[in-house]
Amino acid sequence: MRSSRRRRARRIFATAASPSSSTVAGCPWMSPPGNGCGGMWAGSIPRETGWRRGSGVPPTCPRYNHTGTQFFEIKKSRPLTGLMDLAKEMTKEALPIKCLEAVILGIYLTNNMTTLDRFPISFKTHFSGNYFRHIVLGVNFGGRYGALGISRREELMYKAPVFRTLSELIFDFEEAYRRCWHTLKKVKLGHCVSHDPHSVEQIEWKHSILDLDKLTREDFRKELEKHARDMRLKIGKGTGPPSPTKDRKKDVSSPQRGQASPHRRNSRGDRRPSGEKKPADSKAMPDLNGYQIRV
């Protein structure tokens with residue numbers, strides 16, 4: 001049923017998009033979207049991904065899903081390799097998507113950009129008595145922060161990597177929300193996502209949860225910069241889950257060549273000179289006192 005629904009939607013919503021020339025010098029993706037909000041950084045798809053004609057990937061640009069039907073089921077607890085398989089399916093189907101699907105697709109399209117750090121940024125806002133949630137993929141390229149994503153509002157998705165600090169990027173989103181009459185309530189920041197598409201790690205979606213009602217403006221900025229430092233330290237140390245193979249080798253490793261096993265060490269220590277005979281054991285000699293020799 002889901003596949004037939006996707007086929008019908010693909011016939012209706014699939015639209016072609018031609019890439020444009022790069023406008024940000026040194027940036028690994030192309031120019032930001034032009035007129036018409038709702039496109040997933042239309043024209044900003046990385047050159048290295050092969051998202052163009054003749055590459056085996058449909059030259060279609062995902063659009064925002066206004067249908068009310070979710071075509072791809074995203075489970076945040078899935079390992080990264082499973083989410084990348086789902087992103088590959090998105091490129092084949094070319095169906096309308098929403099913000100969470102756009103984050104997964106953004107990770108997939110930038111996996112081969114090892115100099116690009118990616119991390120999720122979630123927002124919770126309040127408007128007219130209701131709460132709204134949104135998520136984008138934060139990026140750090142050459143020490144400058146930006147964002148990739150999709151939204152109904154053009155100012156709440158793509159951000160060129162021109163912000164010097166993480167706090168400047170978040171404050172820009174906050175100002176964009178204010179122009180939409182939304183009040184920013186919470187910001188959740190995750191850690192950097194691995195570039196290995198076959199990794200079994202889970203994405204850390206909310207390493208830092210910042211409640212704006214409990215933080216002053218200065219404390220909010222300090223917490224953002226603290227999170228940015230933590231990400232830099234984690235990247236610098238190269239931390240990650242230990243390899244099971246390495247742990248297994250450590251556990252079953254044999255003693256070093258210079259060390260001898262306790263059994264062999266004791267047996268050598270018990271050796272005596274060749275001319276000295278070992279005394280006979282009293283238990284080994286038979287007790288003849290209780291016997292009589294019969295003639």
# chains A, B, ... in the order shown; residues from 1 in each chain; ligands from 1

call {"tool": "closest_atom_pairs", "arguments": {"of": "stretch 95-164 of chain A", "to": "stretch 75-90 of chain A", "cutoff": "12 Å", "atoms": "only C-alpha atoms", "output": "Markdown table"}}
result
| residue | atom | partner | partner_atom | distance |
| --- | --- | --- | --- | --- |
| A:Leu95 | CA | A:Met90 | CA | 6.9 |
| A:Pro96 | CA | A:Met90 | CA | 9.2 |
| A:Ile97 | CA | A:Met90 | CA | 8.7 |
| A:Lys98 | CA | A:Met90 | CA | 11.7 |
| A:Leu100 | CA | A:Lys76 | CA | 9.4 |
| A:Glu101 | CA | A:Ala87 | CA | 7.9 |
| A:Ala102 | CA | A:Ala87 | CA | 8.9 |
| A:Val103 | CA | A:Ala87 | CA | 9.5 |
| A:Ile104 | CA | A:Ala87 | CA | 6.3 |
| A:Leu105 | CA | A:Ala87 | CA | 5.1 |
| A:Gly106 | CA | A:Ala87 | CA | 8.6 |
| A:Ile107 | CA | A:Met84 | CA | 8.0 |
| A:Tyr108 | CA | A:Met84 | CA | 5.9 |
| A:Leu109 | CA | A:Ala87 | CA | 8.7 |
| A:Thr110 | CA | A:Met84 | CA | 11.2 |
| A:Asn111 | CA | A:Met84 | CA | 9.6 |
| A:Pro120 | CA | A:Lys76 | CA | 11.5 |

call {"tool": "atom_distance", "arguments": {"atom1": "atom CA of A:Lys234", "atom2": "atom CA of A:Lys214"}}
result
27.1 Å

call {"tool": "atom_distance", "arguments": {"atom1": "atom CA of A:Phe119", "atom2": "atom CA of A:Trp205"}}
result
8.1 Å

call {"tool": "atom_distance", "arguments": {"atom1": "atom CA of A:Thr165", "atom2": "atom CA of A:Glu204"}}
result
20.8 Å

call {"tool": "closest_residue", "arguments": {"among": "A:Val162, A:Ser151, A:Arg217, A:Lys124", "to": "A:Lys188", "atoms": "only C-alpha atoms"}}
result
A:Lys124

call {"tool": "closest_residue", "arguments": {"among": "A:His195, A:His182, A:Lys222, A:His134", "to": "A:Asn112", "atoms": "only C-alpha atoms"}}
result
A:His195

call {"tool": "residues_around", "arguments": {"residues": "A:Ile121", "least_positions_apart": "2", "cutoff": "6 Å", "atoms": "only C-alpha atoms", "output": "list of chain:residue names"}}
result
A:Ile135, A:Val136, A:Lys188, A:Leu189

call {"tool": "residues_around", "arguments": {"residues": "A:Ser208", "least_positions_apart": "5", "cutoff": "12 Å", "atoms": "only C-alpha atoms", "output": "number ranges by chain"}}
result
A: 119-122, 186-191, 220, 223-228, 230-231

call {"tool": "write_last_selection", "arguments": {"atoms": "C-alpha atoms", "output": "mmCIF file, in the first residue's frame"}}
result
data_model
loop_
_atom_site.group_PDB
_atom_site.id
_atom_site.type_symbol
_atom_site.label_atom_id
_atom_site.label_comp_id
_atom_site.auth_asym_id
_atom_site.auth_seq_id
_atom_site.Cartn_x
_atom_site.Cartn_y
_atom_site.Cartn_z
ATOM 1 C CA PHE A 119 25.192 17.977 13.593
ATOM 2 C CA PRO A 120 21.395 18.167 14.169
ATOM 3 C CA ILE A 121 19.730 21.318 15.535
ATOM 4 C CA SER A 122 16.148 21.084 16.828
ATOM 5 C CA LYS A 186 13.989 25.320 23.367
ATOM 6 C CA VAL A 187 17.028 24.416 21.300
ATOM 7 C CA LYS A 188 18.437 20.885 21.168
ATOM 8 C CA LEU A 189 21.913 20.331 19.777
ATOM 9 C CA GLY A 190 23.435 17.006 18.786
ATOM 10 C CA HIS A 191 27.020 15.922 18.284
ATOM 11 C CA PHE A 220 22.313 31.015 26.368
ATOM 12 C CA GLU A 223 26.002 27.296 26.505
ATOM 13 C CA LEU A 224 26.031 27.421 22.704
ATOM 14 C CA GLU A 225 29.747 28.162 22.610
ATOM 15 C CA LYS A 226 30.385 25.432 25.160
ATOM 16 C CA HIS A 227 28.631 22.934 22.913
ATOM 17 C CA ALA A 228 30.705 24.124 19.957
ATOM 18 C CA ASP A 230 32.751 20.089 22.980
ATOM 19 C CA MET A 231 32.239 19.184 19.320
#
